[in-house]
Amino acid sequence: ESVFGKIVRAPEDPILGVTVAYNKDTSPVKLNLGVGAYRTEEGKPLVLNVVRKAEQLLVNDQSRVKEYLPIVGLVDFNKLSAKLILGADSPAIKDNRVTTVQCLSGTGSLRVGAEFLARHYHQLTIYIPQPTWGNHPKVFTLAGLSVKTYRYYDPATRGLNFQGLLEDLRAAPSGAIVLLHACAHNPTGVDPTLEQWEQIRQLMRSKGLLPFFDSAYQGFASGSLDADAQSVRMFVADGGECLVAQSYAKNMGLYGERVGALSIVCKTEDVASRVESQLKLVIRPMYSSPPIHGASIVATILKDSTMYKEWTLELKAMADRIISMRQQLFDALSARGTPGDWSHIIKQIGMFTFTGLNSEQVAFMTKEYHIYMTSDGRISMAGLSSKTVPHLTDAIHAAVT
Ligand SMILES: Cc1ncc(COP(=O)(O)O)c(CNOCC(=O)O)c1O
C-alpha cells in the first residue's frame with residue numbers, strides 16, 4: 001500500500017495543458033496558439049544568433065569555472081539588468097538606491113518579491129489585474145499575500161476599462177501592493193497609454209500604493225527596449241519605491257535557462273542594502289543560489305555594445321513578425337467578411353491577442369479545426385505564420401457564423 005496512495009490527480013495547468021493536448025493531436029493541420037513562446041515563420045522555436053555567439057565565447061573561455069554564484073546571483077548580470085529596465089541614466093541607479101537579485105526567470109522573481117513582501121511589508125494585500133497571467137494569483141497566494149483584483153479589461157471595447165481600474169485602485173486600502181504589467185499585458189494585449197500611466201502613477205503615489213511591476217516582454221511589445229520600459233521609468237523618476245520582476249525568457253529567447261531578476265527601488269542606499277540582506281534570507285533556504293549559465297549569456301550580451309546592438313535587431317525582428325501576423329490575420333478576417341469588429345487584433349500589443357471568442361467557440365475551433373488556444377480566447381500570435389493564417393481565419397469564421 002503506497003504512502004502516497006491517497007493523492008488525487010491534479011488538473012493540467014490551463015496554459016501548459018494546451019500544449020499537452022496539442023502534442024496528442026495527430027492532425028496535419030493542427031495549430032498551437034497556446035503557450036506564449038516565440039515561433040519563427042517556419043513554426044520553430046528560435047535561438048537568437050547573438051545568444052549562440054555569447055555561448056560560444058563562454059565555452060571557449062577556458063578560465064571559466066562552475067563555482068557557486070553568490071546568493072544574490074551574478075553581480076554583473078544584476079547591475080546590467082537594472083540598467084536595462086531602469087535606463088542607463090536612472091537616478092535610482094546613480095544614487096545606488098536599487099538592489100537587484102538574480103532569480104529563476106520571471107516567475108522566480110515574482111515569487112521572491114512576494115515572499116519578501118509577506119515577511120517585511122505592512123500591507124499584505126496585493127491587487128492584480130482582472131484578467132491576468134494565470135500563474136499570478138497562485139504565486140502571490142502561496143507566498144502568503146491576500147490577492148484581490150482590480151478591473152482592467154473591458155469586453156465591450158476589448159480595450160482598457162480605465163475608469164474601473166481607477167475606481168478600484170482608489171478604493172484599495174492605502175499601502176496595498178499593486179501588480180502592474182510593465183508592457184504587453186498577458187492575456188489581453190491591452191496596455192495603458194502613457195497619459196493613462198501618468199494618472200495611475202499619481203493615484204498610486206497619493207495613496208501610498210506599492211507598485212510591483214512584472215516585466216516579461218521588454219522590447220517584445222513595441223520592438224523598442226526603452227519604449228517598453230517607460231511605465232516603470234515613469235514611477236522610478238518620481239523618487240518613489242517599487243519592485244520590478246524581469247524575465248529574459250521571451251526577449252532573449254532564454255525560456256528554459258530560467259533567467260530573471262528582481263529589483264527593489266528604495267528611498268536610500270542604506271535601505272537598499274538592508275533590503276538586500278533580507279532578500280538573501282528569502283533566497284538561501286529556497287534554492288540557495290541561482291544558475292550560472294543563462295545569466296552569463298545575458299551579461300555577455302548586455303556588456304558588449306556590439307552584441308547588445310545585435311540583440312536589439314533580433315528582438316525587433318521578432319516583434320515585427322508578430323505585428324505582421326496581427327495585420328495578416330486582421331486583413332484575412334476583413335477580406336473574408338467575418339462578422340464582428342476585429343480591429344482589436346491590430347490595436348492590441350505584445351505576444352497575445354485576446355480575441356473575445358468564448359470557451360464554446362474555442363472548444364469548437366479545437367474540435368473541428370485543431371486550433372489549440374487557451375479557453376479564455378487568448379491566442380499567441382507567435383504561433384502563427386503566413387501559411388497558417390488562412391486556416392485560423394476559416395476556424396474563426398466558422399466559429400462566429
Ligand atoms: C506576464 C508574465 N509574467 C511572468 C511570466 C513568467 O515567465 P518566466 O517565468 O518563464 O520568465 C510570464 C510568462 N508567460 O508564460 C507564457 C504564457 O502565458 O503562455 C508572463 O506572461
# chains A, B, ... in the order shown; residues from 1 in each chain; ligands from 1
call {"tool": "residues_near_ligand", "arguments": {"ligand": "ligand 1", "cutoff": "7 Å", "atoms": "only C-alpha atoms and all ligand atoms", "output": "number ranges by chain"}}
result
A: 15, 34-37, 104-108, 133, 181, 185-186, 214-216, 247-249, 255, 258-260
call {"tool": "residues_around", "arguments": {"residues": "Glu115 of chain A", "least_positions_apart": "6", "cutoff": "10 Å", "atoms": "only C-alpha atoms", "output": "compact mmCIF listing (two decimals) with N, CA, C and O atoms, in the first residue's frame"}}
result
# COMPACT_ATOMS: atom_id res chain seq x y z
N SER A 109 11.33 35.60 -9.87
CA SER A 109 11.47 36.99 -9.41
C SER A 109 10.20 37.44 -8.70
O SER A 109 10.25 38.08 -7.65
N TYR A 121 6.66 43.61 4.63
CA TYR A 121 5.84 44.77 4.27
C TYR A 121 4.58 44.75 5.13
O TYR A 121 4.09 43.69 5.50
N VAL A 139 1.13 32.33 -7.36
CA VAL A 139 2.43 32.75 -6.82
C VAL A 139 2.23 33.61 -5.58
O VAL A 139 2.86 33.39 -4.54
N PHE A 140 1.32 34.58 -5.66
CA PHE A 140 1.17 35.52 -4.53
C PHE A 140 0.45 34.89 -3.35
O PHE A 140 0.80 35.11 -2.19
N THR A 141 -0.53 34.03 -3.64
CA THR A 141 -1.25 33.37 -2.55
C THR A 141 -0.29 32.45 -1.77
O THR A 141 -0.22 32.48 -0.54
N LEU A 142 0.48 31.67 -2.53
CA LEU A 142 1.41 30.72 -1.89
C LEU A 142 2.49 31.44 -1.08
O LEU A 142 3.04 30.91 -0.13
N ALA A 143 2.77 32.68 -1.46
CA ALA A 143 3.79 33.43 -0.71
C ALA A 143 3.19 34.04 0.56
O ALA A 143 3.91 34.61 1.39
N GLY A 144 1.86 33.95 0.69
CA GLY A 144 1.23 34.44 1.93
C GLY A 144 0.59 35.80 1.78
O GLY A 144 0.23 36.45 2.77
N LEU A 145 0.43 36.29 0.54
CA LEU A 145 -0.27 37.56 0.34
C LEU A 145 -1.74 37.28 0.09
O LEU A 145 -2.11 36.21 -0.37
N LEU A 279 16.64 39.92 1.47
CA LEU A 279 16.33 39.11 0.27
C LEU A 279 17.18 37.84 0.29
O LEU A 279 16.72 36.77 -0.09
N VAL A 282 15.60 35.17 2.19
CA VAL A 282 14.47 34.52 1.49
C VAL A 282 15.01 33.47 0.53
O VAL A 282 14.51 32.35 0.43
N ILE A 283 16.10 33.85 -0.19
CA ILE A 283 16.62 33.00 -1.28
C ILE A 283 17.37 31.77 -0.75
O ILE A 283 17.17 30.66 -1.23
call {"tool": "closest_residue", "arguments": {"among": "A:Gln56, A:Thr99, A:Ser375, A:Ser305", "to": "Glu276 of chain A", "atoms": "only C-alpha atoms"}}
result
A:Thr99
call {"tool": "closest_residue", "arguments": {"among": "A:Leu80, A:Met234, A:Ile200, A:Val50", "to": "Leu313 of chain A", "atoms": "only C-alpha atoms"}}
result
A:Val50
call {"tool": "select_by_dssp", "arguments": {"residues": "segment 5-238 of chain A", "states": "helix (DSSP H, G or I)", "output": "PyMOL selection string"}}
result
chain A and resi 16-24+49-60+75-86+91-94+105-120+136-142+162-171+194-207+227-237
call {"tool": "residues_around", "arguments": {"residues": "Val275 of chain A", "least_positions_apart": "5", "cutoff": "10 Å", "atoms": "only C-alpha atoms", "output": "tab-separated table (two decimals) with C-alpha atoms, in the first residue's frame"}}
result
chain	number	residue	atom	x	y	z
A	98	VAL	CA	18.42	49.84	-6.22
A	99	THR	CA	19.03	46.31	-5.04
A	100	THR	CA	18.82	43.58	-7.68
A	116	PHE	CA	9.96	39.23	0.80
A	120	HIS	CA	8.66	42.64	5.66
A	264	ILE	CA	13.67	46.76	-5.46
A	265	VAL	CA	13.99	50.54	-5.82
A	266	CYS	CA	14.33	52.10	-2.35
A	269	GLU	CA	21.21	53.43	-0.33
A	270	ASP	CA	21.13	52.30	3.28
A	280	LYS	CA	19.29	36.78	0.86
call {"tool": "closest_residue", "arguments": {"among": "A:Ile349, A:Leu384, A:Met204, A:Leu315", "to": "Phe235 of chain A", "atoms": "only C-alpha atoms"}}
result
A:Met204
call {"tool": "closest_atom_pairs", "arguments": {"of": "segment 67-107 of chain A", "to": "segment 287-298 of chain A", "cutoff": "9 Å", "atoms": "only C-alpha atoms", "output": "JSON lines"}}
result
{"residue": "A:Glu67", "atom": "CA", "partner": "A:Ile292", "partner_atom": "CA", "distance": 8.6}
{"residue": "A:Tyr68", "atom": "CA", "partner": "A:Ser289", "partner_atom": "CA", "distance": 7.1}
{"residue": "A:Leu69", "atom": "CA", "partner": "A:Ser289", "partner_atom": "CA", "distance": 6.1}
{"residue": "A:Pro70", "atom": "CA", "partner": "A:Ser289", "partner_atom": "CA", "distance": 6.2}
{"residue": "A:Ile71", "atom": "CA", "partner": "A:Ser289", "partner_atom": "CA", "distance": 4.4}
{"residue": "A:Val72", "atom": "CA", "partner": "A:Ser289", "partner_atom": "CA", "distance": 6.9}
{"residue": "A:Gly73", "atom": "CA", "partner": "A:Pro290", "partner_atom": "CA", "distance": 5.7}
{"residue": "A:Leu74", "atom": "CA", "partner": "A:Ala295", "partner_atom": "CA", "distance": 6.8}
{"residue": "A:Asp76", "atom": "CA", "partner": "A:Ser296", "partner_atom": "CA", "distance": 8.6}
{"residue": "A:Phe77", "atom": "CA", "partner": "A:Ala295", "partner_atom": "CA", "distance": 6.1}
{"residue": "A:Asn78", "atom": "CA", "partner": "A:Ala295", "partner_atom": "CA", "distance": 8.8}
{"residue": "A:Leu80", "atom": "CA", "partner": "A:Val298", "partner_atom": "CA", "distance": 8.7}
{"residue": "A:Ser81", "atom": "CA", "partner": "A:Val298", "partner_atom": "CA", "distance": 8.7}
{"residue": "A:Gln102", "atom": "CA", "partner": "A:Pro290", "partner_atom": "CA", "distance": 6.7}
{"residue": "A:Cys103", "atom": "CA", "partner": "A:Pro290", "partner_atom": "CA", "distance": 6.2}
{"residue": "A:Leu104", "atom": "CA", "partner": "A:Pro290", "partner_atom": "CA", "distance": 6.7}
call {"tool": "residues_around", "arguments": {"residues": "Cys242 of chain A", "least_positions_apart": "3", "cutoff": "10 Å", "atoms": "only C-alpha atoms", "output": "ChimeraX atom specification"}}
result
/A:98,177-178,209-213,232,235-236,239,263-267
call {"tool": "write_last_selection", "arguments": {"atoms": "C-alpha atoms", "output": "mmCIF file, in the first residue's frame"}}
result
data_model
loop_
_atom_site.group_PDB
_atom_site.id
_atom_site.type_symbol
_atom_site.label_atom_id
_atom_site.label_comp_id
_atom_site.auth_asym_id
_atom_site.auth_seq_id
_atom_site.Cartn_x
_atom_site.Cartn_y
_atom_site.Cartn_z
ATOM 1 C CA VAL A 98 18.424 49.841 -6.223
ATOM 2 C CA ILE A 177 0.553 46.322 -3.240
ATOM 3 C CA VAL A 178 -0.497 46.664 -6.896
ATOM 4 C CA LEU A 209 0.096 52.045 -3.061
ATOM 5 C CA LEU A 210 3.239 49.946 -3.672
ATOM 6 C CA PRO A 211 3.904 49.199 -7.381
ATOM 7 C CA PHE A 212 5.121 45.680 -8.197
ATOM 8 C CA PHE A 213 5.980 45.666 -11.923
ATOM 9 C CA VAL A 232 8.484 51.545 -14.940
ATOM 10 C CA PHE A 235 7.373 55.638 -11.474
ATOM 11 C CA VAL A 236 11.090 55.462 -10.633
ATOM 12 C CA GLY A 239 11.687 59.125 -6.445
ATOM 13 C CA SER A 263 14.933 44.790 -8.445
ATOM 14 C CA ILE A 264 13.671 46.760 -5.460
ATOM 15 C CA VAL A 265 13.986 50.538 -5.821
ATOM 16 C CA CYS A 266 14.326 52.095 -2.351
ATOM 17 C CA LYS A 267 14.419 55.613 -0.924
#
call {"tool": "closest_residue", "arguments": {"among": "A:Leu357, A:Val147, A:Ile126, A:Met252", "to": "Val51 of chain A", "atoms": "only C-alpha atoms"}}
result
A:Met252
call {"tool": "residues_around", "arguments": {"residues": "Glu314 of chain A", "least_positions_apart": "5", "cutoff": "12 Å", "atoms": "only C-alpha atoms", "output": "list of chain:residue names"}}
result
A:Thr40, A:Leu46, A:Val47, A:Leu48, A:Asn49, A:Val50, A:Val51, A:Gly219, A:Phe220, A:Gly223, A:Ser224, A:Leu225, A:Lys250, A:Asn251, A:Met252, A:Gly253, A:Met307, A:Tyr308, A:Lys309, A:Ala319, A:Asp320, A:Arg321
call {"tool": "closest_residue", "arguments": {"among": "A:Ser222, A:Gln62, A:Gln278, A:Thr374", "to": "Ile323 of chain A", "atoms": "only C-alpha atoms"}}
result
A:Ser222
call {"tool": "closest_residue", "arguments": {"among": "A:Gly208, A:Gly350, A:Gly340, A:Pro91", "to": "Thr157 of chain A", "atoms": "only C-alpha atoms"}}
result
A:Gly340
call {"tool": "residues_around", "arguments": {"residues": "Glu41 of chain A", "least_positions_apart": "2", "cutoff": "8 Å", "atoms": "only C-alpha atoms", "output": "VMD selection string"}}
result
chain A and resid 39 43 to 44 384 to 386
call {"tool": "select_by_dssp", "arguments": {"residues": "segment 244-321 of chain A", "states": "strand (DSSP E or B)", "output": "list of chain:residue names"}}
result
A:Val244, A:Ala245, A:Gln246, A:Ser247, A:Val259, A:Gly260, A:Ala261, A:Leu262, A:Ser263, A:Ile264, A:Val265
call {"tool": "write_last_selection", "arguments": {"atoms": "C-alpha atoms", "output": "tab-separated table (two decimals), in the first residue's frame"}}
result
chain	number	residue	atom	x	y	z
A	244	VAL	CA	10.33	45.12	-10.66
A	245	ALA	CA	10.43	41.49	-11.81
A	246	GLN	CA	12.29	40.88	-15.09
A	247	SER	CA	12.28	37.85	-17.34
A	259	VAL	CA	16.99	33.80	-16.28
A	260	GLY	CA	15.38	36.72	-14.46
A	261	ALA	CA	15.96	39.41	-11.86
A	262	LEU	CA	14.09	41.13	-9.07
A	263	SER	CA	14.93	44.79	-8.45
A	264	ILE	CA	13.67	46.76	-5.46
A	265	VAL	CA	13.99	50.54	-5.82
call {"tool": "residues_around", "arguments": {"residues": "Val389 of chain A", "least_positions_apart": "5", "cutoff": "9 Å", "atoms": "only C-alpha atoms", "output": "list of chain:residue names"}}
result
A:Met325, A:Gln328, A:Leu329, A:Ala332, A:Leu384, A:Asp394
call {"tool": "atom_distance", "arguments": {"atom1": "atom CA of Leu58 of chain A", "atom2": "atom CA of Thr300 of chain A"}}
result
8.4 Å
